[in-house]
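To keep things clear, I will list the structure first and then write my remarks on it.
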Amino acid sequence: MSDYRAPVDEMMFTLQHVVGFDGLPKMQEMGADDIQLILESAGKLASEVIAPLNASGDKETSRFENGGVKTPKGFRDAYAQYRDGGWNGIPFDEAHGGQGLPWMVAFAVFEMWQSANMSFGLCPLLNQAAVEAIAHHGTEEQRKIYLEKLVSGIWTGTMHLTEPHAGTDLGAIKTKAVKQKNGTYKISGQKIFITYGEHDFAENIIHMVLARAPDAPEGTKGISMFVVPKFMPDAVGKPGARNDVKCVSVEHKLGIHASPTCTMQFGDAGGATGFLIGKENEGLKYMFTMMNNARLSVGLQGVAVAERAYQHALAYAKERIQGVKLSEKGAGERVAIIEHPDVRRMLLSMKVRADAARALTYEAAKMMDLARAGDQKAQDRANLLTPVVKAWCTDMAVDVTSIGVQVHGGMGFIEETGAAQYYRDARILPIYEGANGVQALDLSMRKIIMDRGAAAGAYIEEAMQTVSSLERQQDMKGTAAALKEGIACLRQATNWVLETGERKNLDAVAAVNVPYLNLFGVVAGGLMCARAALAAWNTGAPFAEDKRHAAAFYATHVLPHCRGYLETVLKGSESVGKCTL
């Protein structure tokens, strides 16, 4: 079984030269050498402490025992090393004990936890969302009580959104919140699919819960958000009495076995004490503060598990001896399967798409950093890219991990080789934080139609500038032509979405908005590959030729899919409505 090694050189090149540190807060105080050191230190923890627990945790699983959750052997100690190393606070405000680094840099570090062990990495990911919600919408008292402990990782946070009958339809949630005379609320109801809703890592767990007051409006307009701690903290944040919230079961899942996915019950003993975040009935708005961060983070998980599957498949292909080279007409010695053209094709398909998705995700994180500093154009770009990153990168991960199984052949279907775990773990990602069909709706309805195509148009024009740069490089003209055609497909599809939306035929758009998002993702990935090739060439990087060939592979093996996606967008909606099911 291969060991995980963080691709620090690739990450550093992408951060510094493809996406760039320009304009980022905090980077005036730091240099590339500082970032390199951070990545190398994180990579050591990921590869030496967290990654070795991936397979054993998958087999042992988290277990529901005596009303609590016991995580697999080694996980609690690994979390303690992660917490004590200060890794949890990398992107958060220094006023709350964080390090204040850009999210773009933090994403490179977070990728390592997810690659090393996605089940482990899910706990910090949910904690990030809780910090964001309280930091942006909590009272000064709530920030004082919760943020330092959450930022440090001494406490962990969760997101409690859906319920058994609701699924994605949050307007249907029934969890009740009854206001008390002292200003607190009594929370009662049940939440499902709560990642790390109960565990043994931390001294307290802070639940961010969506619920509705008795007189609240129906649907999403009546949702409020509450902080519900597992143990009630006192004025200085010391955990006290147990709150009326508990885990009642842990799901048995296809993958991420070491991550406890909990059913949580509120109010069996009269009601869990909750504290309102912000104002009543504005919980949906606050939820999107958590969700937008989480959507990009889940896209990053797609990058991470794809990278891990690629490393695993590459190591196997170098070791597995089978067959002879076709060019030697059966007379040569048996060779490692990496010598066979189709295996090379599969490995390259894994590698170039993971690299493209990494660059796209880091780019979105940079836009988020710039937006937080007040840049409205960056905010528009972050809004546009968020559903693309979440959906395209996670669908990519499922495909790449499936190819990883294929590289192993029959042995890939055998659990002992480890390839199947990445496939099983990746399969949740297109469902997390709004299924990918919902991401496509967000892209087409909100980011294209409601925006009248402004952000998409600006993105397309910038992409054409990259094409112009490619065309000036003699060895990249073929890549330039392929990217130019992909951009033309995206432009035509975007115009169709706009025109169809203006005719109020939203069902037609909804019938094909997943192919539209896929088209957008393929073009965005191609753009990042092209930028990487240009950056490597311009900086004289020793792997400049590799980046040029990778961009050419993407241009000939991935970008041609744009024509098919365009055909579906333009002509596919009618059959969706008329076919009998």
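Ordering of the structure tokens sets the chain letters (A, B, ...); residue numbers start at 1 within each chain; ligands are numbered from 1 in the order shown.
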Can you build me a table of stretch 46-152 of chain A residues sitting at most 12 Å from stretch 407-417 of chain A, with the closest atom pair per residue and its distance in Å to one decimal, using only C-alpha atoms, sorted by chain and residue number, as CSV?
residue,atom,partner,partner_atom,distance
A:Ala55,CA,A:Glu416,CA,9.2
A:Ser56,CA,A:Glu416,CA,11.0
A:Asp58,CA,A:Glu415,CA,10.4
A:Lys59,CA,A:Glu415,CA,9.8
Requested in this report: Could you give me, as a ChimeraX atom specification, the residues within 12 Å of A:Val389, counting only C-alpha atoms and dropping anything in the same chain fewer than 4 positions from it?
Outcome: /A:292-303,354,356-365,381-385,393-397,429-430,436,439-440,443,517-518,520-522,524-525
Go ahead and write the residues just picked, N, CA and C atoms, as a CSV table (one decimal), in the first residue's frame.
chain,number,residue,atom,x,y,z
A,292,ASN,N,-21.2,28.6,2.3
A,292,ASN,CA,-20.3,29.0,1.2
A,292,ASN,C,-18.9,28.6,1.5
A,293,ASN,N,-18.4,28.7,2.7
A,293,ASN,CA,-17.1,28.3,3.1
A,293,ASN,C,-17.1,26.7,3.0
A,294,ALA,N,-18.1,26.1,3.4
A,294,ALA,CA,-18.1,24.6,3.4
A,294,ALA,C,-18.2,24.1,2.0
A,295,ARG,N,-18.9,24.8,1.1
A,295,ARG,CA,-18.9,24.3,-0.3
A,295,ARG,C,-17.5,24.3,-1.0
A,296,LEU,N,-16.8,25.4,-0.8
A,296,LEU,CA,-15.4,25.4,-1.3
A,296,LEU,C,-14.6,24.3,-0.6
A,297,SER,N,-14.8,24.1,0.7
A,297,SER,CA,-14.0,23.1,1.4
A,297,SER,C,-14.3,21.7,0.9
A,298,VAL,N,-15.6,21.4,0.6
A,298,VAL,CA,-15.9,20.1,0.0
A,298,VAL,C,-15.3,19.9,-1.4
A,299,GLY,N,-15.3,21.0,-2.2
A,299,GLY,CA,-14.6,20.9,-3.4
A,299,GLY,C,-13.2,20.6,-3.3
A,300,LEU,N,-12.6,21.2,-2.2
A,300,LEU,CA,-11.2,20.9,-1.9
A,300,LEU,C,-11.0,19.4,-1.5
A,301,GLN,N,-12.0,18.9,-0.8
A,301,GLN,CA,-11.9,17.4,-0.5
A,301,GLN,C,-11.9,16.6,-1.7
A,302,GLY,N,-12.6,17.0,-2.8
A,302,GLY,CA,-12.6,16.3,-4.0
A,302,GLY,C,-11.2,16.3,-4.6
A,303,VAL,N,-10.5,17.4,-4.6
A,303,VAL,CA,-9.1,17.5,-5.0
A,303,VAL,C,-8.2,16.6,-4.2
A,354,ALA,N,-6.9,16.4,-11.3
A,354,ALA,CA,-6.6,16.8,-9.9
A,354,ALA,C,-5.9,18.1,-9.8
A,356,ALA,N,-5.7,20.5,-12.1
A,356,ALA,CA,-6.5,21.6,-12.6
A,356,ALA,C,-7.5,22.0,-11.5
A,357,ALA,N,-8.1,21.0,-10.9
A,357,ALA,CA,-9.1,21.3,-9.8
A,357,ALA,C,-8.4,21.9,-8.6
A,358,ARG,N,-7.2,21.5,-8.3
A,358,ARG,CA,-6.5,22.2,-7.2
A,358,ARG,C,-6.3,23.7,-7.5
A,359,ALA,N,-5.8,24.0,-8.7
A,359,ALA,CA,-5.6,25.4,-9.0
A,359,ALA,C,-6.9,26.2,-9.0
A,360,LEU,N,-8.0,25.6,-9.5
A,360,LEU,CA,-9.3,26.3,-9.5
A,360,LEU,C,-9.8,26.5,-8.1
A,361,THR,N,-9.6,25.6,-7.2
A,361,THR,CA,-10.0,25.7,-5.8
A,361,THR,C,-9.2,26.8,-5.1
A,362,TYR,N,-7.9,26.8,-5.3
A,362,TYR,CA,-7.1,27.8,-4.7
A,362,TYR,C,-7.4,29.2,-5.3
A,363,GLU,N,-7.8,29.3,-6.5
A,363,GLU,CA,-8.2,30.5,-7.1
A,363,GLU,C,-9.5,31.0,-6.5
A,364,ALA,N,-10.4,30.2,-6.2
A,364,ALA,CA,-11.7,30.6,-5.6
A,364,ALA,C,-11.4,31.0,-4.1
A,365,ALA,N,-10.5,30.3,-3.5
A,365,ALA,CA,-10.1,30.7,-2.1
A,365,ALA,C,-9.5,32.1,-2.1
A,381,ARG,N,-16.6,37.1,-8.4
A,381,ARG,CA,-15.9,35.9,-9.0
A,381,ARG,C,-16.0,34.7,-8.0
A,382,ALA,N,-15.9,35.0,-6.7
A,382,ALA,CA,-16.0,33.9,-5.7
A,382,ALA,C,-17.4,33.3,-5.8
A,383,ASN,N,-18.4,34.2,-5.9
A,383,ASN,CA,-19.8,33.7,-6.0
A,383,ASN,C,-20.0,32.8,-7.2
A,384,LEU,N,-19.4,33.2,-8.3
A,384,LEU,CA,-19.5,32.5,-9.6
A,384,LEU,C,-18.8,31.1,-9.5
A,385,LEU,N,-17.6,31.1,-8.9
A,385,LEU,CA,-16.8,29.9,-8.9
A,385,LEU,C,-17.3,28.9,-7.8
A,393,CYS,N,-15.4,19.7,-9.0
A,393,CYS,CA,-14.3,19.0,-8.3
A,393,CYS,C,-14.7,17.7,-7.6
A,394,THR,N,-15.9,17.6,-7.1
A,394,THR,CA,-16.4,16.4,-6.4
A,394,THR,C,-16.8,15.4,-7.4
A,395,ASP,N,-17.4,15.7,-8.5
A,395,ASP,CA,-17.7,14.7,-9.5
A,395,ASP,C,-16.4,14.2,-10.1
A,396,MET,N,-15.5,15.1,-10.3
A,396,MET,CA,-14.1,14.7,-10.8
A,396,MET,C,-13.5,13.6,-9.8
A,397,ALA,N,-13.7,13.9,-8.5
A,397,ALA,CA,-13.1,12.9,-7.5
A,397,ALA,C,-13.7,11.5,-7.7
A,429,LEU,N,-19.1,13.1,-1.6
A,429,LEU,CA,-18.8,14.5,-1.8
A,429,LEU,C,-19.8,15.2,-2.7
A,430,PRO,N,-20.3,14.6,-3.8
A,430,PRO,CA,-21.3,15.2,-4.6
A,430,PRO,C,-22.6,15.4,-3.9
A,436,ASN,N,-25.1,18.1,-6.0
A,436,ASN,CA,-24.5,18.8,-7.1
A,436,ASN,C,-25.6,19.4,-8.1
A,439,GLN,N,-26.2,22.7,-6.7
A,439,GLN,CA,-25.1,23.6,-7.1
A,439,GLN,C,-25.3,24.1,-8.6
A,440,ALA,N,-25.8,23.2,-9.4
A,440,ALA,CA,-26.0,23.6,-10.8
A,440,ALA,C,-27.2,24.6,-10.9
A,443,LEU,N,-25.8,27.9,-9.8
A,443,LEU,CA,-25.0,28.5,-10.9
A,443,LEU,C,-25.9,29.1,-12.0
A,517,LEU,N,-23.1,23.2,-15.9
A,517,LEU,CA,-22.0,23.4,-14.9
A,517,LEU,C,-20.8,22.5,-15.3
A,518,ASN,N,-21.1,21.3,-15.8
A,518,ASN,CA,-19.9,20.5,-16.2
A,518,ASN,C,-19.1,21.2,-17.3
A,520,PHE,N,-18.9,24.4,-17.8
A,520,PHE,CA,-18.1,25.5,-17.1
A,520,PHE,C,-16.9,24.9,-16.4
A,521,GLY,N,-17.1,23.8,-15.7
A,521,GLY,CA,-16.0,23.2,-15.0
A,521,GLY,C,-14.8,22.7,-15.9
A,522,VAL,N,-15.2,22.1,-17.0
A,522,VAL,CA,-14.2,21.6,-17.9
A,522,VAL,C,-13.4,22.8,-18.5
A,524,ALA,N,-13.0,25.8,-17.1
A,524,ALA,CA,-12.3,26.4,-15.9
A,524,ALA,C,-11.0,25.6,-15.6
A,525,GLY,N,-11.2,24.3,-15.7
A,525,GLY,CA,-10.0,23.4,-15.5
A,525,GLY,C,-9.0,23.6,-16.6
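You can rank A:Gly478, A:Gly189, A:Pro72, A:Pro233 by their closest distance to A:Lys144 using only C-alpha atoms, and at the top of that list sits A:Pro233.
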Contact residues around stretch 308-316 of chain A with only C-alpha atoms at 7 Å, ignoring same-chain residues under 6 positions, as a PDB file with N, CA and C atoms, in the first residue's frame:
ATOM      1  N   SER A   2       0.586   2.211  -0.866  1.00  0.00           N
ATOM      2  CA  SER A   2       1.420   3.407  -0.976  1.00  0.00           C
ATOM      3  C   SER A   2       1.197   4.342   0.203  1.00  0.00           C
ATOM      4  N   TYR A   4       1.060   8.283   1.649  1.00  0.00           N
ATOM      5  CA  TYR A   4       0.740   9.621   1.144  1.00  0.00           C
ATOM      6  C   TYR A   4       1.902  10.566   1.389  1.00  0.00           C
ATOM      7  N   SER A 115      -6.483  14.656   2.128  1.00  0.00           N
ATOM      8  CA  SER A 115      -5.799  13.603   1.369  1.00  0.00           C
ATOM      9  C   SER A 115      -5.317  12.495   2.285  1.00  0.00           C
ATOM     10  N   LEU A 347      -3.641   7.205 -15.806  1.00  0.00           N
ATOM     11  CA  LEU A 347      -2.919   7.937 -14.765  1.00  0.00           C
ATOM     12  C   LEU A 347      -2.848   9.430 -15.074  1.00  0.00           C
ATOM     13  N   MET A 350      -6.099  11.091 -14.333  1.00  0.00           N
ATOM     14  CA  MET A 350      -6.219  11.348 -12.901  1.00  0.00           C
ATOM     15  C   MET A 350      -5.408  12.573 -12.502  1.00  0.00           C
ATOM     16  N   LYS A 351      -4.167  12.618 -12.936  1.00  0.00           N
ATOM     17  CA  LYS A 351      -3.243  13.664 -12.497  1.00  0.00           C
ATOM     18  C   LYS A 351      -3.659  15.049 -12.986  1.00  0.00           C
ATOM     19  N   THR A 401     -11.229   8.529  -8.664  1.00  0.00           N
ATOM     20  CA  THR A 401     -11.044   7.383  -7.766  1.00  0.00           C
ATOM     21  C   THR A 401     -11.537   6.094  -8.402  1.00  0.00           C
ATOM     22  N   GLY A 404      -8.835   5.006 -10.521  1.00  0.00           N
ATOM     23  CA  GLY A 404      -7.806   4.406  -9.670  1.00  0.00           C
ATOM     24  C   GLY A 404      -8.059   2.934  -9.414  1.00  0.00           C
ATOM     25  N   VAL A 407      -7.106   1.089 -12.642  1.00  0.00           N
ATOM     26  CA  VAL A 407      -5.660   0.900 -12.825  1.00  0.00           C
ATOM     27  C   VAL A 407      -5.193  -0.367 -12.099  1.00  0.00           C
ATOM     28  N   HIS A 408      -5.797  -0.644 -10.954  1.00  0.00           N
ATOM     29  CA  HIS A 408      -5.442  -1.839 -10.197  1.00  0.00           C
ATOM     30  C   HIS A 408      -6.006  -3.122 -10.808  1.00  0.00           C
ATOM     31  N   ALA A 419      -7.466   0.700  -2.853  1.00  0.00           N
ATOM     32  CA  ALA A 419      -7.974   1.593  -3.899  1.00  0.00           C
ATOM     33  C   ALA A 419      -9.472   1.847  -3.740  1.00  0.00           C
ATOM     34  N   TYR A 422     -10.843   4.901  -1.417  1.00  0.00           N
ATOM     35  CA  TYR A 422     -10.904   6.273  -1.942  1.00  0.00           C
ATOM     36  C   TYR A 422     -12.180   6.479  -2.754  1.00  0.00           C
TER      37      TYR A 422
END
Report task. Would you mind writing down, as a PyMOL selection string, each residue of stretch 47-173 of chain A that DSSP on the backbone assigns to helix (DSSP H, G or I)? Result -> chain A and resi 47-50+53-60+75-84+87-89+94-96+103-116+118-137+140-152+170-172
Query raised in the report: Counting only C-alpha atoms, what is within 10 Å of A:Gln142, bar same-chain residues fewer than 5 positions away, as a list in words?
Result: Ile134, Ala135, His137, Leu147, Val227, Ala235, Gly237, Phe275, Leu276 and Ile277 of chain A
Take the residues from that selection and write them out as a CSV table (one decimal), in the first residue's frame, keeping N, CA and C atoms.
chain,number,residue,atom,x,y,z
A,134,ILE,N,-20.4,32.2,13.9
A,134,ILE,CA,-20.3,32.9,15.2
A,134,ILE,C,-19.5,34.2,14.9
A,135,ALA,N,-18.4,34.2,14.2
A,135,ALA,CA,-17.6,35.4,14.0
A,135,ALA,C,-18.4,36.4,13.2
A,137,HIS,N,-21.9,36.6,12.8
A,137,HIS,CA,-23.3,36.9,13.1
A,137,HIS,C,-23.5,36.8,14.6
A,147,LEU,N,-15.3,31.6,20.5
A,147,LEU,CA,-14.4,31.6,19.3
A,147,LEU,C,-13.0,31.2,19.7
A,227,VAL,N,-27.0,28.6,18.7
A,227,VAL,CA,-25.8,27.9,19.3
A,227,VAL,C,-26.3,27.0,20.4
A,235,ALA,N,-19.5,31.9,32.3
A,235,ALA,CA,-19.1,33.2,31.7
A,235,ALA,C,-17.7,33.3,31.2
A,237,GLY,N,-16.3,30.5,29.9
A,237,GLY,CA,-16.1,29.5,28.9
A,237,GLY,C,-15.7,28.1,29.4
A,275,PHE,N,-29.0,29.4,22.1
A,275,PHE,CA,-28.8,30.8,22.1
A,275,PHE,C,-28.9,31.3,20.7
A,276,LEU,N,-29.8,32.3,20.5
A,276,LEU,CA,-30.1,32.8,19.2
A,276,LEU,C,-28.8,33.4,18.6
A,277,ILE,N,-28.6,33.1,17.3
A,277,ILE,CA,-27.6,33.8,16.5
A,277,ILE,C,-28.3,34.9,15.7
Query raised in the report: Near A:Glu499, counting only C-alpha atoms, which residues have an atom at most 12 Å away, once you skip same-chain residues fewer than 4 positions from it, shown as a list in words?
Result: Ser444, Ile448, Ile449, Met450, Arg452, Gly453, Gln492, Ala493, Thr494, Asn495, Arg503, Lys504, Asn505, Leu506, Ala508, Val509 and Leu570 of chain A
Query raised in the report: DSSP on the backbone: what in stretch 240-426 of chain A comes out strand (DSSP E or B), as an MDAnalysis selection string?
Result: chainID A and resid 240:242 245:250 261:266 272:277 321 336
Give one line per residue of stretch 283-374 of chain A that approaches stretch 150-160 of chain A to at most 10 Å, naming the two atoms of the closest pair and their distance in Å to one decimal, counting only C-alpha atoms; sort by chain then ascending residue number and deliver it as a tab-separated table.
residue	atom	partner	partner_atom	distance
A:Met287	CA	A:Met159	CA	8.9
A:Met290	CA	A:Met159	CA	8.3
A:Met291	CA	A:Met159	CA	9.3
